[in-house]
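Q: One structure, pasted below without further comment.
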Amino acid sequence: MDKRRMTYMTMGFGVLLLLVMILLVWGGRRQSGQIVLPESQSDSTGPGEDGTASRLDTISITPETVGPAVGALARPAAYSRTQTVETFWSGGSGQTVIQVYVSGSRTRLDETMQDGSVRHTLVEGGAPSVTGVWYDDETEWVRLRSEEGQTSADRAGRMPTYETVRELRMADILQADYREAYGGECIYVESRDGAYTERYWVRMDSGLLAAAERLWQDQVVYRLTAGEPVISPQEESLFLLPDGSALS
């Protein structure tokens, strides 16, 4: 009887030890291979406000899941920041600095050109979108139309529309993970586009593109880096044309 009881105790201890090992391994995987993404927030709720922690989803960043992960992020409704665009070619390079202001579907870009002049671009999103362009302190401006919405504002700022990561084919995604970069926690994606390689760093706290690169034969030919965004309502006067009228 004592021998049978001892056998049962030994088996029970073995099962308990196995369960503890499984829990330790699972906990380590959760800490090292997963990140926390916030659910969509209303415009009245800012990042990091009380209550956010109770509405978090946990997802592992891999080539298979990076599309839904980027899709779970959302750009702020109103913000401003500086974007620097660099282009590289054989024997030279160029750089432009763009101040970006966003309020809802409206985007204003003030781009400092190589000669020191400033090109102002005002984009009203929609289908079609409407764009107004003028230079320096001139009062004359040109109206442009496009069938695209937010993409037009991105193109005007020479920024890749990184949400297209959601639609990438699995075969084109070379790498996807989570990493600390550009002052915060980012989703990193590396993909193939024909002979080019594209890299994206998307900030998790703001849902904005922090940086992007385009490489040809391992040489960087394009780079975008963005400053820390100021997430706040923007002045209405920023979204008026030089004659004081509204674009739309």
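Residues are named by chain letter and number: chains run A, B, ... in the order of the structure tokens, numbers start at 1 in each chain, and ligands are numbered from 1 in the order shown.
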Taking a cut-off of 7 Å and counting only C-alpha atoms, can you build a table that, for each residue of region 126-230 of chain A near region 75-80 of chain A, reports the nearest atom pair and how far apart they are in Å (one decimal), sorted by chain then residue number, as a Markdown table?
A:
```
| residue | atom | partner | partner_atom | distance |
| --- | --- | --- | --- | --- |
| A:Ser206 | CA | A:Arg75 | CA | 6.3 |
| A:Gly207 | CA | A:Arg75 | CA | 5.0 |
| A:Leu208 | CA | A:Arg75 | CA | 5.8 |
| A:Pro229 | CA | A:Ser80 | CA | 5.6 |
| A:Val230 | CA | A:Ser80 | CA | 5.3 |
```
Q: Tell me which protein, DNA and RNA residues are within 8 Å of Leu109 (chain A), counting only C-alpha atoms, leaving out same-chain ones fewer than 3 positions away, and put them as a PDB file with all heavy atoms, in the first residue's frame.
A:
```pdb
ATOM      1  N   ILE A  98      10.045  68.978 -45.094  1.00  0.00           N
ATOM      2  CA  ILE A  98       8.624  69.275 -45.278  1.00  0.00           C
ATOM      3  C   ILE A  98       7.951  69.379 -43.919  1.00  0.00           C
ATOM      4  O   ILE A  98       8.028  68.448 -43.112  1.00  0.00           O
ATOM      5  CB  ILE A  98       7.931  68.183 -46.115  1.00  0.00           C
ATOM      6  CG1 ILE A  98       8.670  67.967 -47.432  1.00  0.00           C
ATOM      7  CG2 ILE A  98       6.469  68.530 -46.364  1.00  0.00           C
ATOM      8  CD1 ILE A  98       8.201  66.760 -48.210  1.00  0.00           C
ATOM      9  N   GLN A  99       7.309  70.508 -43.675  1.00  0.00           N
ATOM     10  CA  GLN A  99       6.496  70.662 -42.471  1.00  0.00           C
ATOM     11  C   GLN A  99       5.064  70.245 -42.817  1.00  0.00           C
ATOM     12  O   GLN A  99       4.475  70.753 -43.771  1.00  0.00           O
ATOM     13  CB  GLN A  99       6.507  72.108 -41.979  1.00  0.00           C
ATOM     14  CG  GLN A  99       5.708  72.345 -40.715  1.00  0.00           C
ATOM     15  CD  GLN A  99       6.272  71.607 -39.515  1.00  0.00           C
ATOM     16  OE1 GLN A  99       7.497  71.564 -39.327  1.00  0.00           O
ATOM     17  NE2 GLN A  99       5.401  71.018 -38.705  1.00  0.00           N
ATOM     18  N   VAL A 100       4.533  69.296 -42.046  1.00  0.00           N
ATOM     19  CA  VAL A 100       3.230  68.711 -42.346  1.00  0.00           C
ATOM     20  C   VAL A 100       2.233  69.085 -41.255  1.00  0.00           C
ATOM     21  O   VAL A 100       2.530  68.973 -40.056  1.00  0.00           O
ATOM     22  CB  VAL A 100       3.337  67.173 -42.448  1.00  0.00           C
ATOM     23  CG1 VAL A 100       1.974  66.568 -42.778  1.00  0.00           C
ATOM     24  CG2 VAL A 100       4.370  66.777 -43.486  1.00  0.00           C
ATOM     25  N   TYR A 101       1.038  69.522 -41.697  1.00  0.00           N
ATOM     26  CA  TYR A 101      -0.069  69.797 -40.783  1.00  0.00           C
ATOM     27  C   TYR A 101      -1.277  69.001 -41.264  1.00  0.00           C
ATOM     28  O   TYR A 101      -1.615  69.038 -42.449  1.00  0.00           O
ATOM     29  CB  TYR A 101      -0.426  71.288 -40.768  1.00  0.00           C
ATOM     30  CG  TYR A 101       0.738  72.210 -40.476  1.00  0.00           C
ATOM     31  CD1 TYR A 101       1.511  72.725 -41.522  1.00  0.00           C
ATOM     32  CD2 TYR A 101       1.053  72.579 -39.178  1.00  0.00           C
ATOM     33  CE1 TYR A 101       2.583  73.583 -41.268  1.00  0.00           C
ATOM     34  CE2 TYR A 101       2.123  73.441 -38.916  1.00  0.00           C
ATOM     35  CZ  TYR A 101       2.869  73.930 -39.964  1.00  0.00           C
ATOM     36  OH  TYR A 101       3.930  74.773 -39.721  1.00  0.00           O
ATOM     37  N   ARG A 119       7.421  75.792 -51.153  1.00  0.00           N
ATOM     38  CA  ARG A 119       6.216  75.422 -51.884  1.00  0.00           C
ATOM     39  C   ARG A 119       5.155  74.976 -50.884  1.00  0.00           C
ATOM     40  O   ARG A 119       5.381  74.073 -50.086  1.00  0.00           O
ATOM     41  CB  ARG A 119       6.493  74.301 -52.876  1.00  0.00           C
ATOM     42  CG  ARG A 119       5.232  73.859 -53.646  1.00  0.00           C
ATOM     43  CD  ARG A 119       5.565  72.915 -54.773  1.00  0.00           C
ATOM     44  NE  ARG A 119       6.150  71.674 -54.282  1.00  0.00           N
ATOM     45  CZ  ARG A 119       6.782  70.790 -55.060  1.00  0.00           C
ATOM     46  NH1 ARG A 119       6.945  71.036 -56.346  1.00  0.00           N
ATOM     47  NH2 ARG A 119       7.287  69.686 -54.543  1.00  0.00           N
ATOM     48  N   HIS A 120       4.006  75.620 -50.955  1.00  0.00           N
ATOM     49  CA  HIS A 120       2.885  75.289 -50.083  1.00  0.00           C
ATOM     50  C   HIS A 120       1.894  74.426 -50.855  1.00  0.00           C
ATOM     51  O   HIS A 120       1.493  74.772 -51.972  1.00  0.00           O
ATOM     52  CB  HIS A 120       2.181  76.552 -49.598  1.00  0.00           C
ATOM     53  CG  HIS A 120       3.110  77.563 -48.986  1.00  0.00           C
ATOM     54  ND1 HIS A 120       3.608  77.441 -47.707  1.00  0.00           N
ATOM     55  CD2 HIS A 120       3.636  78.707 -49.493  1.00  0.00           C
ATOM     56  CE1 HIS A 120       4.395  78.472 -47.438  1.00  0.00           C
ATOM     57  NE2 HIS A 120       4.434  79.254 -48.511  1.00  0.00           N
ATOM     58  N   THR A 121       1.502  73.316 -50.268  1.00  0.00           N
ATOM     59  CA  THR A 121       0.535  72.412 -50.891  1.00  0.00           C
ATOM     60  C   THR A 121      -0.585  72.141 -49.907  1.00  0.00           C
ATOM     61  O   THR A 121      -0.329  71.696 -48.782  1.00  0.00           O
ATOM     62  CB  THR A 121       1.188  71.086 -51.307  1.00  0.00           C
ATOM     63  OG1 THR A 121       2.306  71.363 -52.157  1.00  0.00           O
ATOM     64  CG2 THR A 121       0.200  70.205 -52.057  1.00  0.00           C
ATOM     65  N   LEU A 122      -1.805  72.407 -50.326  1.00  0.00           N
ATOM     66  CA  LEU A 122      -2.979  72.168 -49.502  1.00  0.00           C
ATOM     67  C   LEU A 122      -3.814  71.098 -50.180  1.00  0.00           C
ATOM     68  O   LEU A 122      -4.190  71.238 -51.351  1.00  0.00           O
ATOM     69  CB  LEU A 122      -3.784  73.466 -49.346  1.00  0.00           C
ATOM     70  CG  LEU A 122      -4.937  73.452 -48.344  1.00  0.00           C
ATOM     71  CD1 LEU A 122      -4.434  73.158 -46.939  1.00  0.00           C
ATOM     72  CD2 LEU A 122      -5.669  74.790 -48.377  1.00  0.00           C
ATOM     73  N   ALA A 156       2.207  64.083 -52.308  1.00  0.00           N
ATOM     74  CA  ALA A 156       2.650  65.473 -52.282  1.00  0.00           C
ATOM     75  C   ALA A 156       3.781  65.647 -51.281  1.00  0.00           C
ATOM     76  O   ALA A 156       4.686  66.461 -51.476  1.00  0.00           O
ATOM     77  CB  ALA A 156       1.487  66.396 -51.936  1.00  0.00           C
ATOM     78  N   GLY A 157       3.756  64.861 -50.190  1.00  0.00           N
ATOM     79  CA  GLY A 157       4.819  64.913 -49.199  1.00  0.00           C
ATOM     80  C   GLY A 157       5.925  63.930 -49.459  1.00  0.00           C
ATOM     81  O   GLY A 157       6.817  63.762 -48.619  1.00  0.00           O
TER      82      GLY A 157
END
```
Q: Which one is closest to Gly183 (chain A): A:Glu124, A:Glu64, A:Asp205, A:Glu235? Count only C-alpha atoms.
A: A:Asp205
Q: May I ask for the distance between CA of Arg179 (chain A) and CA of Gly194 (chain A), given in Å to one decimal place?
A: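 Computed distance, CA of Arg179 (chain A) to CA of Gly194 (chain A), equals 25.8 Å.
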Q: Would you list, as a list in words, the residues of region 76-155 of chain A that end up in helix (DSSP H, G or I) under DSSP run on this structure's backbone?
A: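 The helix (DSSP H, G or I) residues within region 76-155 of chain A come out as Gln150, Thr151, Ser152, Ala153, Asp154 and Arg155 of chain A.
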Q: Using only all heavy atoms, please write the residues we just selected to a file, as a PDB file, in the first residue's frame.
A:
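Output file out.pdb is given in full below:
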```
ATOM      1  N   GLN A 150      -6.275  60.262 -49.542  1.00  0.00           N
ATOM      2  CA  GLN A 150      -5.114  60.439 -48.685  1.00  0.00           C
ATOM      3  C   GLN A 150      -3.815  60.160 -49.428  1.00  0.00           C
ATOM      4  O   GLN A 150      -2.781  60.767 -49.155  1.00  0.00           O
ATOM      5  CB  GLN A 150      -5.226  59.522 -47.465  1.00  0.00           C
ATOM      6  CG  GLN A 150      -4.072  59.636 -46.478  1.00  0.00           C
ATOM      7  CD  GLN A 150      -3.956  61.016 -45.882  1.00  0.00           C
ATOM      8  OE1 GLN A 150      -4.962  61.593 -45.477  1.00  0.00           O
ATOM      9  NE2 GLN A 150      -2.754  61.543 -45.827  1.00  0.00           N
ATOM     10  N   THR A 151      -3.887  59.258 -50.419  1.00  0.00           N
ATOM     11  CA  THR A 151      -2.680  58.945 -51.175  1.00  0.00           C
ATOM     12  C   THR A 151      -2.105  60.191 -51.835  1.00  0.00           C
ATOM     13  O   THR A 151      -0.898  60.350 -51.947  1.00  0.00           O
ATOM     14  CB  THR A 151      -2.985  57.876 -52.235  1.00  0.00           C
ATOM     15  OG1 THR A 151      -3.529  56.727 -51.583  1.00  0.00           O
ATOM     16  CG2 THR A 151      -1.735  57.488 -52.993  1.00  0.00           C
ATOM     17  N   SER A 152      -2.971  61.108 -52.262  1.00  0.00           N
ATOM     18  CA  SER A 152      -2.493  62.329 -52.892  1.00  0.00           C
ATOM     19  C   SER A 152      -1.686  63.170 -51.923  1.00  0.00           C
ATOM     20  O   SER A 152      -0.665  63.749 -52.285  1.00  0.00           O
ATOM     21  CB  SER A 152      -3.681  63.137 -53.431  1.00  0.00           C
ATOM     22  OG  SER A 152      -4.328  62.440 -54.462  1.00  0.00           O
ATOM     23  N   ALA A 153      -2.145  63.252 -50.656  1.00  0.00           N
ATOM     24  CA  ALA A 153      -1.400  64.001 -49.649  1.00  0.00           C
ATOM     25  C   ALA A 153      -0.062  63.334 -49.375  1.00  0.00           C
ATOM     26  O   ALA A 153       0.964  64.009 -49.226  1.00  0.00           O
ATOM     27  CB  ALA A 153      -2.224  64.108 -48.366  1.00  0.00           C
ATOM     28  N   ASP A 154      -0.043  62.020 -49.324  1.00  0.00           N
ATOM     29  CA  ASP A 154       1.222  61.303 -49.116  1.00  0.00           C
ATOM     30  C   ASP A 154       2.178  61.554 -50.267  1.00  0.00           C
ATOM     31  O   ASP A 154       3.367  61.794 -50.066  1.00  0.00           O
ATOM     32  CB  ASP A 154       0.963  59.804 -48.976  1.00  0.00           C
ATOM     33  CG  ASP A 154       0.257  59.455 -47.675  1.00  0.00           C
ATOM     34  OD1 ASP A 154       0.245  60.303 -46.763  1.00  0.00           O
ATOM     35  OD2 ASP A 154      -0.281  58.344 -47.575  1.00  0.00           O
ATOM     36  N   ARG A 155       1.660  61.473 -51.480  1.00  0.00           N
ATOM     37  CA  ARG A 155       2.516  61.693 -52.643  1.00  0.00           C
ATOM     38  C   ARG A 155       3.036  63.124 -52.681  1.00  0.00           C
ATOM     39  O   ARG A 155       4.189  63.362 -53.059  1.00  0.00           O
ATOM     40  CB  ARG A 155       1.753  61.369 -53.920  1.00  0.00           C
ATOM     41  CG  ARG A 155       1.537  59.872 -54.130  1.00  0.00           C
ATOM     42  CD  ARG A 155       0.849  59.591 -55.440  1.00  0.00           C
ATOM     43  NE  ARG A 155       0.746  58.154 -55.688  1.00  0.00           N
ATOM     44  CZ  ARG A 155       0.171  57.616 -56.739  1.00  0.00           C
ATOM     45  NH1 ARG A 155      -0.362  58.404 -57.677  1.00  0.00           N
ATOM     46  NH2 ARG A 155       0.119  56.300 -56.888  1.00  0.00           N
TER      47      ARG A 155
END
```
Q: Nearest to Gln95 (chain A): which of A:Ser237, A:Ser248, A:Ser191, A:Thr225 is it, counting only C-alpha atoms?
A: A:Thr225
Q: Could you check how far CA of Pro63 (chain A) sits from CA of Tyr162 (chain A), in Å to one decimal?
A: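 Computing the Euclidean distance for CA of Pro63 (chain A) and CA of Tyr162 (chain A) yields 15.1 Å.
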Q: Near region 209-221 of chain A, counting only C-alpha atoms, which residues have an atom at most 7 Å away, once you skip same-chain residues fewer than 6 positions from it, shown as a PDB file with N, CA, C and O atoms, in the first residue's frame?
A:
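And here's result30.pdb as it stands now:
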```pdb
ATOM      1  N   THR A  87      17.142  61.720 -51.270  1.00  0.00           N
ATOM      2  CA  THR A  87      17.295  60.870 -52.447  1.00  0.00           C
ATOM      3  C   THR A  87      18.779  60.773 -52.782  1.00  0.00           C
ATOM      4  O   THR A  87      19.535  61.743 -52.613  1.00  0.00           O
ATOM      5  N   PHE A  88      19.189  59.588 -53.231  1.00  0.00           N
ATOM      6  CA  PHE A  88      20.606  59.323 -53.495  1.00  0.00           C
ATOM      7  C   PHE A  88      20.750  58.777 -54.908  1.00  0.00           C
ATOM      8  O   PHE A  88      19.943  57.968 -55.361  1.00  0.00           O
ATOM      9  N   TRP A  89      21.776  59.221 -55.600  1.00  0.00           N
ATOM     10  CA  TRP A  89      22.085  58.722 -56.931  1.00  0.00           C
ATOM     11  C   TRP A  89      23.610  58.662 -57.074  1.00  0.00           C
ATOM     12  O   TRP A  89      24.335  59.113 -56.183  1.00  0.00           O
ATOM     13  N   TYR A 182      13.877  54.800 -33.884  1.00  0.00           N
ATOM     14  CA  TYR A 182      13.390  56.161 -34.119  1.00  0.00           C
ATOM     15  C   TYR A 182      12.588  56.693 -32.938  1.00  0.00           C
ATOM     16  O   TYR A 182      11.520  57.290 -33.096  1.00  0.00           O
ATOM     17  N   ALA A 195      12.916  44.839 -58.467  1.00  0.00           N
ATOM     18  CA  ALA A 195      14.347  44.857 -58.178  1.00  0.00           C
ATOM     19  C   ALA A 195      14.673  45.665 -56.931  1.00  0.00           C
ATOM     20  O   ALA A 195      15.838  45.746 -56.533  1.00  0.00           O
ATOM     21  N   TYR A 196      13.668  46.257 -56.298  1.00  0.00           N
ATOM     22  CA  TYR A 196      13.883  47.119 -55.146  1.00  0.00           C
ATOM     23  C   TYR A 196      13.488  46.404 -53.847  1.00  0.00           C
ATOM     24  O   TYR A 196      12.651  45.505 -53.837  1.00  0.00           O
ATOM     25  N   THR A 197      14.100  46.865 -52.756  1.00  0.00           N
ATOM     26  CA  THR A 197      13.718  46.444 -51.408  1.00  0.00           C
ATOM     27  C   THR A 197      13.181  47.658 -50.673  1.00  0.00           C
ATOM     28  O   THR A 197      13.789  48.735 -50.723  1.00  0.00           O
ATOM     29  N   GLU A 198      12.042  47.506 -50.000  1.00  0.00           N
ATOM     30  CA  GLU A 198      11.421  48.603 -49.265  1.00  0.00           C
ATOM     31  C   GLU A 198      11.372  48.275 -47.783  1.00  0.00           C
ATOM     32  O   GLU A 198      11.087  47.140 -47.396  1.00  0.00           O
ATOM     33  N   ARG A 199      11.667  49.285 -46.965  1.00  0.00           N
ATOM     34  CA  ARG A 199      11.653  49.119 -45.524  1.00  0.00           C
ATOM     35  C   ARG A 199      10.741  50.163 -44.889  1.00  0.00           C
ATOM     36  O   ARG A 199      10.761  51.328 -45.287  1.00  0.00           O
ATOM     37  N   TYR A 200       9.967  49.733 -43.905  1.00  0.00           N
ATOM     38  CA  TYR A 200       9.045  50.627 -43.203  1.00  0.00           C
ATOM     39  C   TYR A 200       9.223  50.460 -41.698  1.00  0.00           C
ATOM     40  O   TYR A 200       9.353  49.331 -41.210  1.00  0.00           O
ATOM     41  N   TRP A 201       9.211  51.587 -40.982  1.00  0.00           N
ATOM     42  CA  TRP A 201       9.151  51.587 -39.521  1.00  0.00           C
ATOM     43  C   TRP A 201       7.907  52.379 -39.125  1.00  0.00           C
ATOM     44  O   TRP A 201       7.836  53.598 -39.344  1.00  0.00           O
ATOM     45  N   VAL A 202       6.906  51.717 -38.561  1.00  0.00           N
ATOM     46  CA  VAL A 202       5.637  52.354 -38.213  1.00  0.00           C
ATOM     47  C   VAL A 202       5.531  52.450 -36.692  1.00  0.00           C
ATOM     48  O   VAL A 202       5.604  51.425 -35.992  1.00  0.00           O
ATOM     49  N   ARG A 203       5.363  53.661 -36.170  1.00  0.00           N
ATOM     50  CA  ARG A 203       5.281  53.861 -34.726  1.00  0.00           C
ATOM     51  C   ARG A 203       3.969  53.309 -34.191  1.00  0.00           C
ATOM     52  O   ARG A 203       2.885  53.601 -34.715  1.00  0.00           O
TER      53      ARG A 203
END
```
Q: DSSP on the backbone, then: every residue of region 105-231 of chain A marked strand (DSSP E), written as a tab-separated table (two decimals) with N, CA and C atoms, in the first residue's frame.
A:
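In the end it all went to result.tsv:
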```tsv
chain	number	residue	atom	x	y	z
A	106	ARG	N	-7.91	67.13	-44.30
A	106	ARG	CA	-7.10	68.21	-44.87
A	106	ARG	C	-5.64	68.07	-44.46
A	107	THR	N	-4.76	68.30	-45.42
A	107	THR	CA	-3.32	68.23	-45.16
A	107	THR	C	-2.64	69.43	-45.80
A	108	ARG	N	-1.76	70.06	-45.04
A	108	ARG	CA	-0.94	71.15	-45.59
A	108	ARG	C	0.52	70.74	-45.48
A	109	LEU	N	1.27	70.98	-46.58
A	109	LEU	CA	2.68	70.67	-46.62
A	109	LEU	C	3.45	71.91	-47.05
A	110	ASP	N	4.40	72.32	-46.23
A	110	ASP	CA	5.28	73.44	-46.56
A	110	ASP	C	6.67	72.86	-46.82
A	111	GLU	N	7.05	72.80	-48.09
A	111	GLU	CA	8.29	72.13	-48.49
A	111	GLU	C	9.36	73.16	-48.85
A	112	THR	N	10.48	73.11	-48.15
A	112	THR	CA	11.60	73.99	-48.45
A	112	THR	C	12.40	73.41	-49.61
A	118	VAL	N	9.83	78.20	-50.73
A	118	VAL	CA	8.93	77.29	-50.03
A	118	VAL	C	7.70	77.05	-50.90
A	119	ARG	N	7.42	75.79	-51.15
A	119	ARG	CA	6.22	75.42	-51.88
A	119	ARG	C	5.15	74.98	-50.88
A	120	HIS	N	4.01	75.62	-50.96
A	120	HIS	CA	2.89	75.29	-50.08
A	120	HIS	C	1.89	74.43	-50.85
A	121	THR	N	1.50	73.32	-50.27
A	121	THR	CA	0.53	72.41	-50.89
A	121	THR	C	-0.59	72.14	-49.91
A	122	LEU	N	-1.80	72.41	-50.33
A	122	LEU	CA	-2.98	72.17	-49.50
A	122	LEU	C	-3.81	71.10	-50.18
A	123	VAL	N	-4.10	70.00	-49.46
A	123	VAL	CA	-4.83	68.87	-50.03
A	123	VAL	C	-6.10	68.63	-49.24
A	124	GLU	N	-7.21	68.58	-49.92
A	124	GLU	CA	-8.49	68.21	-49.33
A	124	GLU	C	-8.82	66.81	-49.79
A	129	SER	N	-9.95	64.10	-54.79
A	129	SER	CA	-9.32	65.05	-53.87
A	129	SER	C	-8.99	66.32	-54.63
A	130	VAL	N	-8.84	67.42	-53.89
A	130	VAL	CA	-8.53	68.72	-54.48
A	130	VAL	C	-7.24	69.23	-53.86
A	131	THR	N	-6.38	69.80	-54.70
A	131	THR	CA	-5.08	70.27	-54.23
A	131	THR	C	-4.85	71.70	-54.70
A	132	GLY	N	-4.37	72.54	-53.80
A	132	GLY	CA	-3.97	73.89	-54.14
A	132	GLY	C	-2.49	74.08	-53.90
A	133	VAL	N	-1.78	74.72	-54.84
A	133	VAL	CA	-0.33	74.88	-54.74
A	133	VAL	C	0.03	76.34	-54.96
A	134	TRP	N	0.91	76.88	-54.11
A	134	TRP	CA	1.46	78.21	-54.32
A	134	TRP	C	2.84	78.27	-53.69
A	135	TYR	N	3.59	79.33	-54.01
A	135	TYR	CA	4.97	79.45	-53.56
A	135	TYR	C	5.16	80.70	-52.72
A	142	VAL	N	-2.62	77.50	-57.81
A	142	VAL	CA	-3.10	76.60	-58.86
A	142	VAL	C	-3.91	75.48	-58.22
A	143	ARG	N	-5.06	75.16	-58.83
A	143	ARG	CA	-5.90	74.08	-58.34
A	143	ARG	C	-5.66	72.82	-59.17
A	144	LEU	N	-5.50	71.69	-58.47
A	144	LEU	CA	-5.32	70.39	-59.11
A	144	LEU	C	-6.37	69.43	-58.56
A	145	ARG	N	-6.72	68.43	-59.36
A	145	ARG	CA	-7.67	67.41	-58.91
A	145	ARG	C	-7.08	66.03	-59.12
A	146	SER	N	-7.49	65.10	-58.27
A	146	SER	CA	-7.02	63.72	-58.37
A	146	SER	C	-8.14	62.80	-57.93
A	173	ILE	N	7.02	39.68	-48.70
A	173	ILE	CA	7.47	40.14	-47.39
A	173	ILE	C	8.73	39.37	-47.00
A	174	LEU	N	9.82	40.09	-46.86
A	174	LEU	CA	11.09	39.47	-46.53
A	174	LEU	C	11.28	39.32	-45.02
A	175	GLN	N	10.77	40.29	-44.27
A	175	GLN	CA	10.94	40.27	-42.83
A	175	GLN	C	9.89	41.17	-42.20
A	176	ALA	N	9.42	40.78	-41.02
A	176	ALA	CA	8.49	41.59	-40.26
A	176	ALA	C	8.66	41.27	-38.79
A	177	ASP	N	8.83	42.30	-37.97
A	177	ASP	CA	8.99	42.08	-36.54
A	177	ASP	C	8.72	43.37	-35.79
A	178	TYR	N	8.99	43.31	-34.50
A	178	TYR	CA	8.80	44.46	-33.62
A	178	TYR	C	10.17	44.88	-33.11
A	179	ARG	N	10.45	46.19	-33.10
A	179	ARG	CA	11.75	46.65	-32.64
A	179	ARG	C	11.69	48.09	-32.15
A	180	GLU	N	12.65	48.42	-31.30
A	180	GLU	CA	12.81	49.79	-30.83
A	180	GLU	C	13.62	50.56	-31.88
A	181	ALA	N	13.05	51.65	-32.39
A	181	ALA	CA	13.74	52.44	-33.40
A	181	ALA	C	13.09	53.81	-33.50
A	184	GLY	N	10.98	55.19	-30.47
A	184	GLY	CA	9.80	54.52	-29.94
A	184	GLY	C	9.69	53.08	-30.41
A	185	GLU	N	8.57	52.46	-30.07
A	185	GLU	CA	8.30	51.08	-30.46
A	185	GLU	C	7.69	51.07	-31.86
A	186	CYS	N	8.27	50.27	-32.74
A	186	CYS	CA	7.85	50.28	-34.14
A	186	CYS	C	7.53	48.87	-34.64
A	187	ILE	N	6.64	48.81	-35.60
A	187	ILE	CA	6.46	47.62	-36.42
A	187	ILE	C	7.38	47.79	-37.63
A	188	TYR	N	8.25	46.82	-37.84
A	188	TYR	CA	9.20	46.89	-38.95
A	188	TYR	C	8.77	45.91	-40.03
A	189	VAL	N	8.77	46.38	-41.28
A	189	VAL	CA	8.42	45.54	-42.42
A	189	VAL	C	9.45	45.75	-43.51
A	190	GLU	N	9.93	44.66	-44.07
A	190	GLU	CA	10.84	44.71	-45.21
A	190	GLU	C	10.23	43.87	-46.33
A	191	SER	N	10.08	44.48	-47.50
A	191	SER	CA	9.40	43.78	-48.59
A	191	SER	C	10.15	43.97	-49.90
A	192	ARG	N	9.78	43.17	-50.87
A	192	ARG	CA	10.39	43.21	-52.20
A	192	ARG	C	9.41	43.85	-53.19
A	193	ASP	N	9.92	44.76	-54.00
A	193	ASP	CA	9.12	45.39	-55.05
A	193	ASP	C	9.94	45.33	-56.34
A	196	TYR	N	13.67	46.26	-56.30
A	196	TYR	CA	13.88	47.12	-55.15
A	196	TYR	C	13.49	46.40	-53.85
A	197	THR	N	14.10	46.86	-52.76
A	197	THR	CA	13.72	46.44	-51.41
A	197	THR	C	13.18	47.66	-50.67
A	198	GLU	N	12.04	47.51	-50.00
A	198	GLU	CA	11.42	48.60	-49.26
A	198	GLU	C	11.37	48.27	-47.78
A	199	ARG	N	11.67	49.28	-46.96
A	199	ARG	CA	11.65	49.12	-45.52
A	199	ARG	C	10.74	50.16	-44.89
A	200	TYR	N	9.97	49.73	-43.90
A	200	TYR	CA	9.04	50.63	-43.20
A	200	TYR	C	9.22	50.46	-41.70
A	201	TRP	N	9.21	51.59	-40.98
A	201	TRP	CA	9.15	51.59	-39.52
A	201	TRP	C	7.91	52.38	-39.13
A	202	VAL	N	6.91	51.72	-38.56
A	202	VAL	CA	5.64	52.35	-38.21
A	202	VAL	C	5.53	52.45	-36.69
A	203	ARG	N	5.36	53.66	-36.17
A	203	ARG	CA	5.28	53.86	-34.73
A	203	ARG	C	3.97	53.31	-34.19
A	209	LEU	N	4.05	56.65	-39.89
A	209	LEU	CA	5.31	56.17	-40.44
A	209	LEU	C	6.45	56.98	-39.84
A	210	ALA	N	7.38	56.29	-39.16
A	210	ALA	CA	8.52	56.98	-38.57
A	210	ALA	C	9.66	57.11	-39.55
A	211	ALA	N	9.82	56.11	-40.42
A	211	ALA	CA	10.90	56.13	-41.41
A	211	ALA	C	10.60	55.12	-42.50
A	212	ALA	N	11.22	55.34	-43.66
A	212	ALA	CA	11.08	54.41	-44.77
A	212	ALA	C	12.33	54.51	-45.63
A	213	GLU	N	12.69	53.40	-46.26
A	213	GLU	CA	13.83	53.37	-47.17
A	213	GLU	C	13.48	52.54	-48.39
A	214	ARG	N	14.09	52.91	-49.49
A	214	ARG	CA	13.99	52.14	-50.73
A	214	ARG	C	15.40	51.86	-51.21
A	215	LEU	N	15.71	50.59	-51.45
A	215	LEU	CA	17.06	50.18	-51.81
A	215	LEU	C	17.07	49.52	-53.18
A	216	TRP	N	18.14	49.76	-53.91
A	216	TRP	CA	18.38	49.09	-55.18
A	216	TRP	C	19.76	48.47	-55.10
A	219	GLN	N	21.76	49.37	-52.09
A	219	GLN	CA	22.12	50.78	-51.95
A	219	GLN	C	20.85	51.60	-51.72
A	220	VAL	N	20.86	52.44	-50.69
A	220	VAL	CA	19.70	53.28	-50.39
A	220	VAL	C	19.58	54.36	-51.46
A	221	VAL	N	18.43	54.43	-52.10
A	221	VAL	CA	18.18	55.46	-53.11
A	221	VAL	C	17.13	56.47	-52.63
A	222	TYR	N	16.41	56.13	-51.56
A	222	TYR	CA	15.38	57.01	-51.00
A	222	TYR	C	15.29	56.75	-49.51
A	223	ARG	N	15.15	57.83	-48.74
A	223	ARG	CA	14.96	57.68	-47.30
A	223	ARG	C	14.04	58.79	-46.78
A	224	LEU	N	13.07	58.41	-45.99
A	224	LEU	CA	12.23	59.37	-45.29
A	224	LEU	C	12.39	59.16	-43.79
A	225	THR	N	12.59	60.26	-43.06
A	225	THR	CA	12.61	60.22	-41.61
A	225	THR	C	11.69	61.32	-41.10
A	226	ALA	N	10.94	61.01	-40.06
A	226	ALA	CA	9.95	61.95	-39.54
A	226	ALA	C	10.26	62.31	-38.11
```
